[in-house]
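A.B. asks: To be precise about what I am sending: the file is called structure_19.csv and holds CSV, C-alpha atoms and all ligand atoms.
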```
chain,number,residue,atom,x,y,z
L,1,MET,CA,8.9,-24.9,-46.8
L,2,LEU,CA,9.0,-26.2,-43.2
L,3,ILE,CA,6.2,-28.7,-42.5
L,4,LYS,CA,5.8,-30.1,-39.0
L,5,GLU,CA,3.6,-33.2,-38.3
L,6,ASP,CA,1.8,-33.9,-35.0
L,7,PHE,CA,3.0,-30.6,-33.7
L,8,GLU,CA,2.1,-29.2,-30.3
L,9,ILE,CA,1.1,-25.6,-31.0
L,10,LYS,CA,0.9,-24.3,-27.4
L,11,ASN,CA,4.3,-22.4,-27.5
L,12,LEU,CA,3.4,-20.5,-30.7
L,13,THR,CA,0.4,-18.9,-29.0
L,14,THR,CA,0.5,-15.9,-26.7
L,15,PHE,CA,-1.8,-17.8,-24.3
L,16,LYS,CA,0.6,-20.7,-24.2
L,17,ILE,CA,-2.4,-23.0,-24.7
L,18,GLY,CA,-3.1,-25.5,-27.5
L,19,GLY,CA,-2.8,-29.2,-28.3
L,20,ARG,CA,-1.4,-31.0,-31.3
L,21,VAL,CA,-2.1,-30.2,-34.9
L,22,LYS,CA,-2.0,-32.8,-37.5
L,23,LYS,CA,0.1,-30.8,-40.0
L,24,LEU,CA,1.6,-27.3,-39.6
L,25,TYR,CA,2.8,-25.5,-42.8
L,26,LEU,CA,5.1,-22.5,-42.7
L,27,PRO,CA,5.2,-21.1,-46.3
L,28,GLU,CA,8.1,-18.7,-46.9
L,29,ASN,CA,6.6,-16.6,-49.7
L,30,LEU,CA,3.3,-15.8,-51.4
L,31,GLU,CA,3.9,-18.4,-54.2
L,32,GLU,CA,4.3,-21.2,-51.7
L,33,PHE,CA,1.3,-19.9,-49.7
L,34,THR,CA,-1.1,-19.7,-52.7
L,35,LYS,CA,0.0,-23.1,-53.9
L,36,LEU,CA,-0.9,-24.6,-50.5
L,37,LEU,CA,-4.3,-22.7,-50.6
L,38,ARG,CA,-5.0,-24.2,-54.0
L,39,ASP,CA,-3.8,-27.7,-53.1
L,40,LEU,CA,-5.3,-28.2,-49.6
L,41,ASP,CA,-9.0,-28.7,-49.2
L,42,ASP,CA,-9.3,-27.7,-45.6
L,43,TYR,CA,-7.0,-25.6,-43.4
L,44,ILE,CA,-6.9,-22.9,-40.7
L,45,ILE,CA,-4.8,-19.8,-41.3
L,46,LEU,CA,-3.0,-18.3,-38.3
L,47,GLY,CA,-0.4,-15.5,-37.8
L,48,SER,CA,1.1,-14.9,-34.4
L,49,CYS,CA,-1.8,-16.7,-32.6
L,50,SER,CA,-2.2,-13.6,-30.3
L,51,ASP,CA,-6.0,-13.3,-30.7
L,52,VAL,CA,-6.9,-17.0,-30.4
L,53,LEU,CA,-7.7,-19.6,-27.8
L,54,PHE,CA,-6.4,-22.8,-29.4
L,55,SER,CA,-8.1,-25.9,-28.1
L,56,SER,CA,-6.0,-28.1,-25.7
L,57,ASN,CA,-7.5,-31.0,-27.7
L,58,GLY,CA,-5.7,-29.8,-30.7
L,59,TYR,CA,-6.8,-29.8,-34.3
L,60,ASN,CA,-7.0,-32.9,-36.5
L,61,GLY,CA,-6.2,-31.0,-39.7
L,62,ASN,CA,-3.9,-28.6,-41.5
L,63,VAL,CA,-2.8,-25.3,-40.0
L,64,ILE,CA,-0.9,-22.7,-42.1
L,65,LEU,CA,1.2,-20.2,-40.3
L,66,THR,CA,1.9,-17.0,-42.1
L,67,THR,CA,4.8,-15.7,-40.0
L,68,GLU,CA,7.6,-16.6,-42.5
L,69,MET,CA,6.2,-14.3,-45.2
L,70,LYS,CA,7.8,-11.0,-44.4
L,71,ASN,CA,8.0,-8.9,-47.6
L,72,PHE,CA,7.7,-5.2,-46.8
L,73,ASP,CA,8.1,-2.6,-49.5
L,74,ILE,CA,7.8,1.2,-49.2
L,75,LYS,CA,7.1,3.4,-52.3
L,76,GLY,CA,6.6,7.0,-51.4
L,77,THR,CA,3.9,7.0,-48.8
L,78,LYS,CA,2.6,3.6,-49.8
L,79,ILE,CA,3.5,0.3,-48.1
L,80,ILE,CA,2.9,-3.1,-49.6
L,81,ALA,CA,3.3,-5.9,-47.0
L,82,ASP,CA,2.9,-9.6,-46.8
L,83,CYS,CA,0.2,-10.9,-44.3
L,84,GLY,CA,2.9,-12.4,-42.1
L,85,VAL,CA,4.7,-9.2,-41.3
L,86,LYS,CA,4.7,-8.6,-37.5
L,87,ASP,CA,2.7,-5.5,-36.4
L,88,PRO,CA,5.5,-4.0,-34.3
L,89,LEU,CA,8.1,-4.4,-37.1
L,90,ALA,CA,5.7,-2.8,-39.6
L,91,SER,CA,5.3,0.1,-37.2
L,92,GLN,CA,9.0,0.5,-36.7
L,93,LYS,CA,9.8,0.3,-40.4
L,94,ALA,CA,7.1,2.9,-41.3
L,95,GLY,CA,8.5,5.2,-38.5
L,96,GLU,CA,12.0,4.9,-39.9
L,97,ALA,CA,10.7,6.0,-43.3
L,98,SER,CA,8.9,9.0,-41.6
L,99,LEU,CA,5.5,7.5,-42.3
L,100,GLY,CA,2.8,8.0,-39.7
L,101,GLY,CA,-0.4,5.9,-39.2
L,102,PHE,CA,1.1,2.6,-38.0
L,103,GLU,CA,2.0,3.9,-34.5
L,104,PHE,CA,-0.8,1.9,-32.9
L,105,LEU,CA,0.7,-1.3,-34.2
L,106,ILE,CA,3.9,-0.9,-32.1
L,107,GLY,CA,2.4,-2.8,-29.1
L,108,LEU,CA,0.3,-5.4,-30.9
L,109,PRO,CA,1.9,-8.9,-30.8
L,110,GLY,CA,0.2,-10.0,-34.0
L,111,THR,CA,0.7,-10.0,-37.8
L,112,LEU,CA,-0.8,-7.7,-40.4
L,113,GLY,CA,-3.0,-10.6,-41.6
L,114,GLY,CA,-4.5,-11.0,-38.1
L,115,ALA,CA,-4.8,-7.2,-37.8
L,116,VAL,CA,-6.7,-6.9,-41.1
L,117,TYR,CA,-8.9,-9.8,-40.1
L,118,MET,CA,-9.8,-8.1,-36.8
L,119,ASN,CA,-9.6,-4.5,-38.1
L,120,ALA,CA,-7.2,-4.2,-35.1
L,121,GLY,CA,-7.1,-0.9,-33.5
L,122,ALA,CA,-5.8,1.0,-30.5
L,123,HIS,CA,-5.0,4.5,-29.3
L,124,GLY,CA,-7.6,6.0,-31.7
L,125,GLN,CA,-6.1,4.4,-34.8
L,126,CYS,CA,-7.2,1.3,-36.7
L,127,ILE,CA,-6.2,-0.7,-39.8
L,128,ALA,CA,-9.1,0.5,-41.8
L,129,ASP,CA,-7.8,4.1,-41.4
L,130,VAL,CA,-4.7,3.4,-43.5
L,131,LEU,CA,-5.5,0.3,-45.7
L,132,THR,CA,-6.2,1.0,-49.3
L,133,LEU,CA,-6.1,-2.4,-51.1
L,134,CYS,CA,-6.1,-6.1,-50.2
L,135,CYS,CA,-4.7,-8.9,-52.3
L,136,LEU,CA,-6.8,-12.0,-51.3
L,137,PHE,CA,-7.2,-15.6,-52.1
L,138,ASP,CA,-10.8,-16.5,-52.9
L,139,LYS,CA,-11.4,-20.0,-51.5
L,140,GLU,CA,-14.6,-20.5,-53.5
L,141,ASN,CA,-13.1,-19.9,-57.0
L,142,LYS,CA,-9.5,-20.7,-56.0
L,143,GLU,CA,-8.2,-17.5,-57.5
L,144,ILE,CA,-6.4,-14.3,-56.5
L,145,VAL,CA,-8.7,-11.2,-56.2
L,146,PHE,CA,-8.2,-7.6,-55.1
L,147,LYS,CA,-10.5,-5.7,-52.9
L,148,THR,CA,-10.5,-2.0,-52.0
L,149,LYS,CA,-10.9,-0.8,-48.4
L,150,GLU,CA,-14.6,0.0,-49.2
L,151,GLU,CA,-15.1,-3.6,-50.3
L,152,MET,CA,-13.5,-5.1,-47.1
L,153,ASP,CA,-16.6,-4.3,-45.0
L,154,PHE,CA,-14.6,-2.9,-42.1
L,155,SER,CA,-16.2,-2.1,-38.8
L,156,TYR,CA,-15.2,-2.4,-35.1
L,157,ARG,CA,-13.1,-5.6,-34.9
L,158,HIS,CA,-14.6,-6.8,-38.1
L,159,SER,CA,-13.8,-7.3,-41.8
L,160,ILE,CA,-15.0,-9.4,-44.7
L,161,LEU,CA,-12.4,-12.0,-43.8
L,162,HIS,CA,-14.7,-13.2,-41.0
L,163,GLU,CA,-17.0,-14.7,-43.7
L,164,GLY,CA,-14.2,-17.3,-44.3
L,165,ARG,CA,-14.2,-17.0,-48.0
L,166,PHE,CA,-11.1,-14.8,-48.4
L,167,ILE,CA,-7.6,-15.2,-47.1
L,168,LEU,CA,-5.3,-12.1,-47.0
L,169,LEU,CA,-2.1,-12.5,-49.0
L,170,SER,CA,-0.8,-9.0,-48.8
L,171,ALA,CA,-2.1,-5.5,-48.3
L,172,GLU,CA,-1.4,-2.0,-49.4
L,173,PHE,CA,-1.5,1.0,-47.0
L,174,ASP,CA,-1.2,4.7,-47.6
L,175,LEU,CA,0.5,6.5,-44.7
L,176,LYS,CA,1.3,10.2,-44.0
L,177,LYS,CA,4.6,11.9,-44.1
L,178,LEU,CA,5.5,13.0,-40.6
L,179,PRO,CA,8.7,14.0,-38.7
L,180,GLN,CA,10.4,10.9,-37.2
L,181,GLU,CA,10.5,12.5,-33.7
L,182,ASP,CA,6.7,12.9,-33.8
L,183,ILE,CA,6.1,9.2,-34.8
L,184,LYS,CA,8.6,8.0,-32.2
L,185,GLY,CA,6.9,10.2,-29.5
L,186,LEU,CA,3.6,8.6,-30.3
L,187,MET,CA,5.0,5.1,-30.3
L,188,ASP,CA,6.7,5.6,-27.0
L,189,ARG,CA,3.5,7.1,-25.5
L,190,ASN,CA,1.5,4.1,-26.8
L,191,LEU,CA,4.0,1.6,-25.4
L,192,ASN,CA,4.1,3.3,-22.0
L,193,PHE,CA,0.3,3.5,-21.9
L,194,ARG,CA,0.0,-0.2,-22.6
L,195,LYS,CA,2.3,-1.1,-19.7
L,196,THR,CA,-0.4,0.3,-17.4
L,197,VAL,CA,-3.5,-1.3,-19.0
L,198,GLN,CA,-2.4,-4.6,-20.4
L,199,PRO,CA,-0.5,-7.6,-19.0
L,200,SER,CA,2.9,-8.3,-20.7
L,201,LEU,CA,3.3,-11.6,-22.5
L,202,LYS,CA,5.3,-12.9,-19.5
L,203,GLU,CA,1.8,-13.4,-18.1
L,204,PRO,CA,0.4,-15.4,-21.1
L,205,ASN,CA,-2.8,-13.9,-22.5
L,206,ALA,CA,-4.6,-13.2,-25.8
L,207,GLY,CA,-5.5,-9.6,-25.4
L,208,SER,CA,-8.9,-8.3,-24.7
L,209,VAL,CA,-11.3,-11.1,-23.9
L,210,PHE,CA,-14.5,-9.4,-24.9
L,211,LYS,CA,-15.3,-6.7,-27.5
L,212,ASN,CA,-16.6,-3.3,-26.3
L,213,PRO,CA,-20.4,-3.1,-26.6
L,214,GLU,CA,-21.6,0.0,-28.5
L,215,ASN,CA,-20.8,3.2,-26.6
L,216,ASP,CA,-19.4,1.4,-23.6
L,217,SER,CA,-16.3,-0.4,-22.5
L,218,ALA,CA,-16.2,-4.2,-21.7
L,219,GLY,CA,-13.4,-3.5,-19.2
L,220,ARG,CA,-15.6,-1.0,-17.3
L,221,LEU,CA,-18.6,-3.3,-17.2
L,222,LEU,CA,-16.6,-6.3,-16.1
L,223,ASP,CA,-14.9,-4.3,-13.4
L,224,LYS,CA,-18.2,-3.0,-12.0
L,225,ALA,CA,-19.5,-6.5,-12.1
L,226,GLY,CA,-16.7,-7.5,-9.8
L,227,VAL,CA,-14.8,-10.0,-12.0
L,228,LYS,CA,-11.3,-8.7,-11.0
L,229,SER,CA,-11.5,-11.1,-8.0
L,230,PHE,CA,-12.1,-14.1,-10.2
L,231,ASP,CA,-9.2,-16.4,-9.6
L,232,MET,CA,-9.3,-20.1,-10.5
L,233,PRO,CA,-6.6,-22.7,-10.1
L,234,ASN,CA,-5.1,-22.3,-13.6
L,235,VAL,CA,-6.5,-19.0,-14.8
L,236,LYS,CA,-7.4,-15.6,-13.4
L,237,VAL,CA,-8.7,-12.2,-14.4
L,238,TRP,CA,-5.8,-9.8,-14.5
L,239,GLU,CA,-5.9,-7.7,-11.4
L,240,LYS,CA,-5.2,-4.4,-13.1
L,241,HIS,CA,-7.7,-4.6,-16.0
L,242,ALA,CA,-10.9,-6.7,-15.9
L,243,ASN,CA,-11.0,-7.6,-19.7
L,244,PHE,CA,-7.8,-9.8,-19.6
L,245,ILE,CA,-7.5,-13.4,-18.7
L,246,VAL,CA,-4.0,-14.7,-17.7
L,247,ASN,CA,-2.9,-18.3,-17.9
L,248,LYS,CA,-1.2,-19.0,-14.6
L,249,GLY,CA,0.9,-21.7,-16.1
L,250,ASN,CA,-1.0,-24.9,-16.8
L,251,ALA,CA,-4.3,-23.7,-18.1
L,252,SER,CA,-6.3,-25.6,-20.7
L,253,SER,CA,-8.7,-24.1,-23.2
L,254,GLU,CA,-11.5,-25.4,-21.0
L,255,ASP,CA,-10.2,-23.5,-18.0
L,256,VAL,CA,-10.3,-20.3,-20.1
L,257,LEU,CA,-13.8,-20.9,-21.5
L,258,GLU,CA,-15.1,-21.6,-17.9
L,259,LEU,CA,-13.7,-18.3,-16.7
L,260,MET,CA,-15.0,-16.5,-19.8
L,261,VAL,CA,-18.5,-17.8,-19.1
L,262,LYS,CA,-18.3,-16.6,-15.4
L,263,MET,CA,-17.2,-13.1,-16.6
L,264,TYR,CA,-20.0,-13.1,-19.3
L,265,GLN,CA,-22.6,-14.2,-16.7
L,266,ALA,CA,-21.5,-11.5,-14.2
L,267,VAL,CA,-22.0,-8.7,-16.7
L,268,LYS,CA,-25.3,-10.2,-17.9
L,269,ASP,CA,-26.6,-10.5,-14.3
L,270,THR,CA,-25.6,-7.0,-13.4
L,271,TYR,CA,-26.4,-5.1,-16.6
L,272,THR,CA,-28.4,-7.5,-18.8
L,273,ILE,CA,-25.7,-6.9,-21.4
L,274,GLU,CA,-24.4,-9.9,-23.3
L,275,LEU,CA,-20.7,-9.3,-24.0
L,276,LYS,CA,-19.3,-10.8,-27.2
L,277,PRO,CA,-15.9,-12.5,-27.2
L,278,GLU,CA,-13.0,-10.9,-29.1
L,279,ILE,CA,-10.8,-14.0,-28.6
L,280,ILE,CA,-11.4,-16.6,-31.3
L,281,PHE,CA,-11.7,-20.3,-30.3
L,282,ILE,CA,-9.9,-22.7,-32.7
L,283,GLY,CA,-9.8,-26.5,-32.8
L,284,ASN,CA,-11.5,-29.6,-31.6
L,285,LYS,CA,-13.9,-29.1,-28.7
L,286,THR,CA,-14.8,-31.5,-25.8
L,287,GLU,CA,-18.5,-31.8,-25.0
L,288,LYS,CA,-18.1,-29.4,-22.1
L,289,GLU,CA,-16.3,-26.9,-24.4
L,290,GLU,CA,-19.1,-27.2,-26.9
L,291,GLU,CA,-21.6,-26.2,-24.2
L,292,LEU,CA,-19.4,-23.3,-23.0
L,293,CYS,CA,-18.9,-22.0,-26.6
L,294,ASN,CA,-22.6,-22.2,-27.3
L,295,ILE,CA,-23.1,-19.8,-24.4
L,296,LEU,CA,-20.3,-17.4,-25.4
L,297,TYR,CA,-20.3,-17.4,-29.2
L,298,LYS,CA,-24.0,-18.2,-30.0
L,299,THR,CA,-22.9,-18.4,-33.6
L,300,LYS,CA,-20.6,-21.1,-35.0
L,301,THR,CA,-16.9,-20.8,-33.9
L,302,GLN,CA,-14.2,-21.0,-36.6
L,303,LYS,CA,-13.6,-24.8,-36.5
L,401,LIG,C1,-1.1,-8.4,-25.0
L,401,LIG,C2,-2.0,-8.2,-26.2
L,401,LIG,C3,-2.5,-7.0,-26.5
L,401,LIG,C4,-3.3,-6.8,-27.6
L,401,LIG,N1,-3.8,-5.6,-27.9
L,401,LIG,C5,-4.6,-5.4,-29.0
L,401,LIG,C6,-5.1,-4.1,-29.3
L,401,LIG,O1,-4.8,-3.1,-28.6
L,401,LIG,N2,-5.9,-4.0,-30.4
L,401,LIG,C7,-6.3,-5.0,-31.1
L,401,LIG,O2,-7.1,-4.8,-32.1
L,401,LIG,N3,-5.9,-6.3,-30.9
L,401,LIG,C8,-5.0,-6.5,-29.8
L,401,LIG,N4,-4.5,-7.7,-29.5
L,401,LIG,C9,-5.0,-8.9,-30.3
L,401,LIG,C10,-4.1,-9.2,-31.5
L,401,LIG,O3,-2.7,-9.0,-31.2
L,401,LIG,C11,-4.3,-8.4,-32.8
L,401,LIG,O4,-5.7,-8.4,-33.1
L,401,LIG,C12,-3.5,-9.0,-33.9
L,401,LIG,O5,-3.5,-8.2,-35.0
L,401,LIG,C13,-3.9,-10.5,-34.3
L,401,LIG,O6,-2.9,-10.9,-35.2
L,401,LIG,P1,-2.4,-12.5,-35.2
L,401,LIG,O7,-1.4,-12.6,-36.3
L,401,LIG,O8,-1.9,-12.8,-33.8
L,401,LIG,O9,-3.7,-13.2,-35.5
L,401,LIG,P2,-4.1,-14.7,-35.0
L,401,LIG,O10,-4.4,-14.7,-33.6
L,401,LIG,O11,-3.1,-15.7,-35.5
L,401,LIG,O12,-5.4,-14.9,-35.9
L,401,LIG,C14,-6.6,-14.2,-35.5
L,401,LIG,C15,-7.6,-14.4,-36.6
L,401,LIG,O13,-7.2,-13.8,-37.9
L,401,LIG,C16,-7.2,-14.8,-38.9
L,401,LIG,N5,-6.1,-14.6,-39.8
L,401,LIG,C17,-4.8,-14.4,-39.5
L,401,LIG,N6,-4.1,-14.2,-40.6
L,401,LIG,C18,-4.9,-14.2,-41.7
L,401,LIG,C19,-4.8,-14.1,-43.1
L,401,LIG,N7,-3.6,-13.9,-43.6
L,401,LIG,N8,-5.9,-14.1,-43.8
L,401,LIG,C20,-7.2,-14.4,-43.3
L,401,LIG,N9,-7.3,-14.5,-41.9
L,401,LIG,C21,-6.2,-14.4,-41.1
L,401,LIG,C22,-7.1,-16.1,-38.2
L,401,LIG,O14,-7.7,-17.2,-39.0
L,401,LIG,C23,-7.9,-15.9,-36.9
L,401,LIG,O15,-9.3,-16.0,-37.1
L,401,LIG,C24,-3.7,-7.9,-28.4
L,401,LIG,C25,-3.2,-9.2,-28.1
L,401,LIG,C26,-2.4,-9.4,-27.0
L,401,LIG,C27,-1.9,-10.7,-26.6
```
Translate the structure of the given file into structure tokens.
Ligand SMILES: Cc1cc2nc3c(=O)[nH]c(=O)nc-3n(C[C@H](O)[C@H](O)[C@H](O)COP(=O)(O)OP(=O)(O)OC[C@H]3O[C@@H](n4cnc5c(N)ncnc54)[C@H](O)[C@@H]3O)c2cc1C
C.D. replies:
Amino acid sequence: MLIKEDFEIKNLTTFKIGGRVKKLYLPENLEEFTKLLRDLDDYIILGSCSDVLFSSNGYNGNVILTTEMKNFDIKGTKIIADCGVKDPLASQKAGEASLGGFEFLIGLPGTLGGAVYMNAGAHGQCIADVLTLCCLFDKENKEIVFKTKEEMDFSYRHSILHEGRFILLSAEFDLKKLPQEDIKGLMDRNLNFRKTVQPSLKEPNAGSVFKNPENDSAGRLLDKAGVKSFDMPNVKVWEKHANFIVNKGNASSEDVLELMVKMYQAVKDTYTIELKPEIIFIGNKTEKEEELCNILYKTKTQK
């Protein structure tokens, strides 16, 4: 397994932000992964780093990246896949097998592990719609356990994985037999739609900044609160959709947090609604970042 020491993680993240991590592990199969999970006392698990703001001050500990674990098996309408399988690849492979239900994953730049963690969703579909069973590592008892979809506590951008006790090793999905042309049509429609409402990764970003509040859209509230004009030296709100922050090239995690607080404050002042971040902050914080995170996250961030 590849292990990198004192590794700068920035270029592995879609935000192109992040400092040095003490040790980065890239297990190539579930055996190597579970051995690491048993052997190491403390670690952060990451997939494609497309939903995270990694601290520019880095992380003085172990990071395990799942992206080298790529097993993907199809049996009838069932798919069993490793947590490191990339979302668009899963979507494509399912489509080639005439299996519908993964069309929404075509434009998500993450892994299935991250998608299960977040109960990722788009275009009216989400992970919880198609997932049947998870194979998990239980950190508390250091053993492998299985949980059904009902036991995964899925809700909007939430799963039991947020509690921090379980790590996803692999997952089973049950999809629907559909004509390939229909699946391809949906995937093309999804990709075309995304071009109009999301920045491409050429403009480094980490997807939606804030979650939608109940029965409303964070993008709509942010837009009405006037944040599209927020443009700082290193970061800006994307001009075509108010719920995206773009790294203009040299942004630090602190720059992003500062802009997030401005956006949060604008909506709070206009609507008295306190938006909750979708982007997850990871790593060591400066004193200033601690203050900004306290405003945004209220509860404890991951590390
Ligand atoms: C341009 C763009 C568009 C996006 N559009 C969407 C969208 O439409 N819908 C949507 O839901 N999301 C969207 N996202 C966010 C993101 O791509 C997805 O949520 C994705 O599934 C996250 O996967 P990841 O591998 O990048 O997770 P990471 O960012 O690497 O990790 C996210 C979280 O998941 C945890 N995690 C990762 N793997 C595991 C595992 N195996 N076990 C336990 N925990 C794990 C991490 O610890 C972390 O807390 C978008 C992002 C971008 C940049």
A.B. asks: Write out as a PyMOL selection string which residues come within 10 Å of stretch 182-195 of chain L when counting only C-alpha atoms, dropping same-chain ones fewer than 3 positions away.
C.D. replies: chain L and resi 88+91-92+94-96+98-108+122-123+177-179+198-200
A.B. asks: Could you list, as JSON, numbers by chain, all protein and nucleic acid residues with an atom at most 8 Å from ligand LIG 401 (chain L), counting only C-alpha atoms and all ligand atoms?
C.D. replies: {"L": [13, 14, 15, 44, 45, 46, 47, 48, 49, 50, 51, 52, 65, 66, 67, 83, 84, 86, 87, 104, 107, 108, 109, 110, 111, 112, 113, 114, 115, 116, 117, 118, 119, 120, 121, 122, 123, 126, 136, 157, 161, 162, 164, 166, 167, 168, 169, 170, 198, 199, 200, 201, 204, 205, 206, 207, 208, 279, 280, 302]}
A.B. asks: Just the number, please: distance in Å from atom CA of L:Asp6 to atom CA of L:Val21, one decimal.
C.D. replies: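 For atom CA of L:Asp6 relative to atom CA of L:Val21, the distance reads 5.4 Å.
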A.B. asks: Kindly indicate which residue among L:Phe72, L:Phe54, L:Tyr264, L:Trp238 lies nearest to L:Asn29, using all atoms listed in the file for the distances.
C.D. replies: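 Checking each candidate against L:Asn29, we get L:Phe72 as the closest.
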A.B. asks: May I have the residues within 10 Å of L:Leu2 as a list in words, using all atoms listed in the file and disregarding those fewer than 2 positions away in the same chain?
C.D. replies: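 Counting only the stated atoms, we get Lys4, Leu24, Tyr25, Leu26, Pro27, Glu28 and Glu68 of chain L.
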A.B. asks: With C-alpha atoms retained, could you export that selection as a PDB file, in the frame of the given file?
C.D. replies:
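Saved as out.pdb:
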```pdb
ATOM      1  CA  LYS L   4       5.800 -30.100 -39.000  1.00  0.00           C
ATOM      2  CA  LEU L  24       1.600 -27.300 -39.600  1.00  0.00           C
ATOM      3  CA  TYR L  25       2.800 -25.500 -42.800  1.00  0.00           C
ATOM      4  CA  LEU L  26       5.100 -22.500 -42.700  1.00  0.00           C
ATOM      5  CA  PRO L  27       5.200 -21.100 -46.300  1.00  0.00           C
ATOM      6  CA  GLU L  28       8.100 -18.700 -46.900  1.00  0.00           C
ATOM      7  CA  GLU L  68       7.600 -16.600 -42.500  1.00  0.00           C
TER       8      GLU L  68
END
```
A.B. asks: When distances are computed from all atoms listed in the file, which of L:Lys142, L:Lys23, L:Lys70, L:Lys16 shows the smallest separation from L:Arg38?
C.D. replies: L:Lys142
A.B. asks: Counting all atoms listed in the file, which residues come within 6 Å of (1.0, 2.9, -46.5), with the point read in the file's coordinates, and could you list them as a count of residues only?
C.D. replies: 6
A.B. asks: May I ask for the distance between atom CA of L:Tyr59 and atom CA of L:Val246, given in Å to one decimal place?
C.D. replies: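 Here the two named atoms are 22.6 Å from each other.
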A.B. asks: Between atom CA of L:Gly61 and atom CA of L:Leu37, what is the distance in Å, rounded to a tenth?
C.D. replies: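 Going from atom CA of L:Gly61 over to atom CA of L:Leu37 covers 13.8 Å.
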A.B. asks: Go through L:Val256, L:Ile273, L:Leu133, L:Val209 and flag the residue nearest L:Asn243, using all atoms listed in the file for the distances.
C.D. replies: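 Looking only at the distances to L:Asn243, the closest residue turns out to be L:Val209.
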A.B. asks: Assuming the input is short of atoms at stretch 231-248 of chain L, produce N, CA and C atoms for that part as a PDB file, in the coordinates of the input.
C.D. replies:
```pdb
ATOM      1  N   ASP L 231     -10.505 -15.750  -9.574  1.00  0.00           N
ATOM      2  CA  ASP L 231      -9.200 -16.400  -9.600  1.00  0.00           C
ATOM      3  C   ASP L 231      -9.420 -17.891  -9.476  1.00  0.00           C
ATOM      4  N   MET L 232      -9.125 -18.635 -10.533  1.00  0.00           N
ATOM      5  CA  MET L 232      -9.300 -20.100 -10.500  1.00  0.00           C
ATOM      6  C   MET L 232      -7.963 -20.774 -10.467  1.00  0.00           C
ATOM      7  N   PRO L 233      -7.938 -22.102 -10.256  1.00  0.00           N
ATOM      8  CA  PRO L 233      -6.600 -22.700 -10.100  1.00  0.00           C
ATOM      9  C   PRO L 233      -5.630 -22.473 -11.215  1.00  0.00           C
ATOM     10  N   ASN L 234      -6.072 -22.432 -12.462  1.00  0.00           N
ATOM     11  CA  ASN L 234      -5.100 -22.300 -13.600  1.00  0.00           C
ATOM     12  C   ASN L 234      -5.215 -20.952 -14.331  1.00  0.00           C
ATOM     13  N   VAL L 235      -6.299 -20.255 -14.114  1.00  0.00           N
ATOM     14  CA  VAL L 235      -6.500 -19.000 -14.800  1.00  0.00           C
ATOM     15  C   VAL L 235      -7.076 -17.945 -13.885  1.00  0.00           C
ATOM     16  N   LYS L 236      -6.811 -16.682 -14.234  1.00  0.00           N
ATOM     17  CA  LYS L 236      -7.400 -15.600 -13.400  1.00  0.00           C
ATOM     18  C   LYS L 236      -7.662 -14.394 -14.295  1.00  0.00           C
ATOM     19  N   VAL L 237      -8.525 -13.530 -13.786  1.00  0.00           N
ATOM     20  CA  VAL L 237      -8.700 -12.200 -14.400  1.00  0.00           C
ATOM     21  C   VAL L 237      -7.524 -11.367 -13.954  1.00  0.00           C
ATOM     22  N   TRP L 238      -6.928 -10.635 -14.898  1.00  0.00           N
ATOM     23  CA  TRP L 238      -5.800  -9.800 -14.500  1.00  0.00           C
ATOM     24  C   TRP L 238      -6.194  -8.742 -13.536  1.00  0.00           C
ATOM     25  N   GLU L 239      -5.405  -8.591 -12.469  1.00  0.00           N
ATOM     26  CA  GLU L 239      -5.900  -7.700 -11.400  1.00  0.00           C
ATOM     27  C   GLU L 239      -5.930  -6.232 -11.761  1.00  0.00           C
ATOM     28  N   LYS L 240      -5.184  -5.822 -12.843  1.00  0.00           N
ATOM     29  CA  LYS L 240      -5.200  -4.400 -13.100  1.00  0.00           C
ATOM     30  C   LYS L 240      -6.171  -3.988 -14.237  1.00  0.00           C
ATOM     31  N   HIS L 241      -6.729  -4.964 -14.946  1.00  0.00           N
ATOM     32  CA  HIS L 241      -7.700  -4.600 -16.000  1.00  0.00           C
ATOM     33  C   HIS L 241      -8.626  -5.867 -16.160  1.00  0.00           C
ATOM     34  N   ALA L 242      -9.934  -5.622 -16.015  1.00  0.00           N
ATOM     35  CA  ALA L 242     -10.900  -6.700 -15.900  1.00  0.00           C
ATOM     36  C   ALA L 242     -11.141  -7.463 -17.246  1.00  0.00           C
ATOM     37  N   ASN L 243     -10.651  -6.919 -18.379  1.00  0.00           N
ATOM     38  CA  ASN L 243     -11.000  -7.600 -19.700  1.00  0.00           C
ATOM     39  C   ASN L 243      -9.795  -8.459 -20.155  1.00  0.00           C
ATOM     40  N   PHE L 244      -8.939  -8.915 -19.222  1.00  0.00           N
ATOM     41  CA  PHE L 244      -7.800  -9.800 -19.600  1.00  0.00           C
ATOM     42  C   PHE L 244      -7.854 -11.062 -18.754  1.00  0.00           C
ATOM     43  N   ILE L 245      -7.619 -12.195 -19.405  1.00  0.00           N
ATOM     44  CA  ILE L 245      -7.500 -13.400 -18.700  1.00  0.00           C
ATOM     45  C   ILE L 245      -5.993 -13.861 -18.787  1.00  0.00           C
ATOM     46  N   VAL L 246      -5.419 -14.239 -17.661  1.00  0.00           N
ATOM     47  CA  VAL L 246      -4.000 -14.700 -17.700  1.00  0.00           C
ATOM     48  C   VAL L 246      -3.948 -16.166 -17.357  1.00  0.00           C
ATOM     49  N   ASN L 247      -3.136 -16.855 -18.146  1.00  0.00           N
ATOM     50  CA  ASN L 247      -2.900 -18.300 -17.900  1.00  0.00           C
ATOM     51  C   ASN L 247      -1.809 -18.349 -16.809  1.00  0.00           C
ATOM     52  N   LYS L 248      -2.162 -18.967 -15.688  1.00  0.00           N
ATOM     53  CA  LYS L 248      -1.200 -19.000 -14.600  1.00  0.00           C
ATOM     54  C   LYS L 248      -0.117 -20.031 -14.748  1.00  0.00           C
TER      55      LYS L 248
END
```
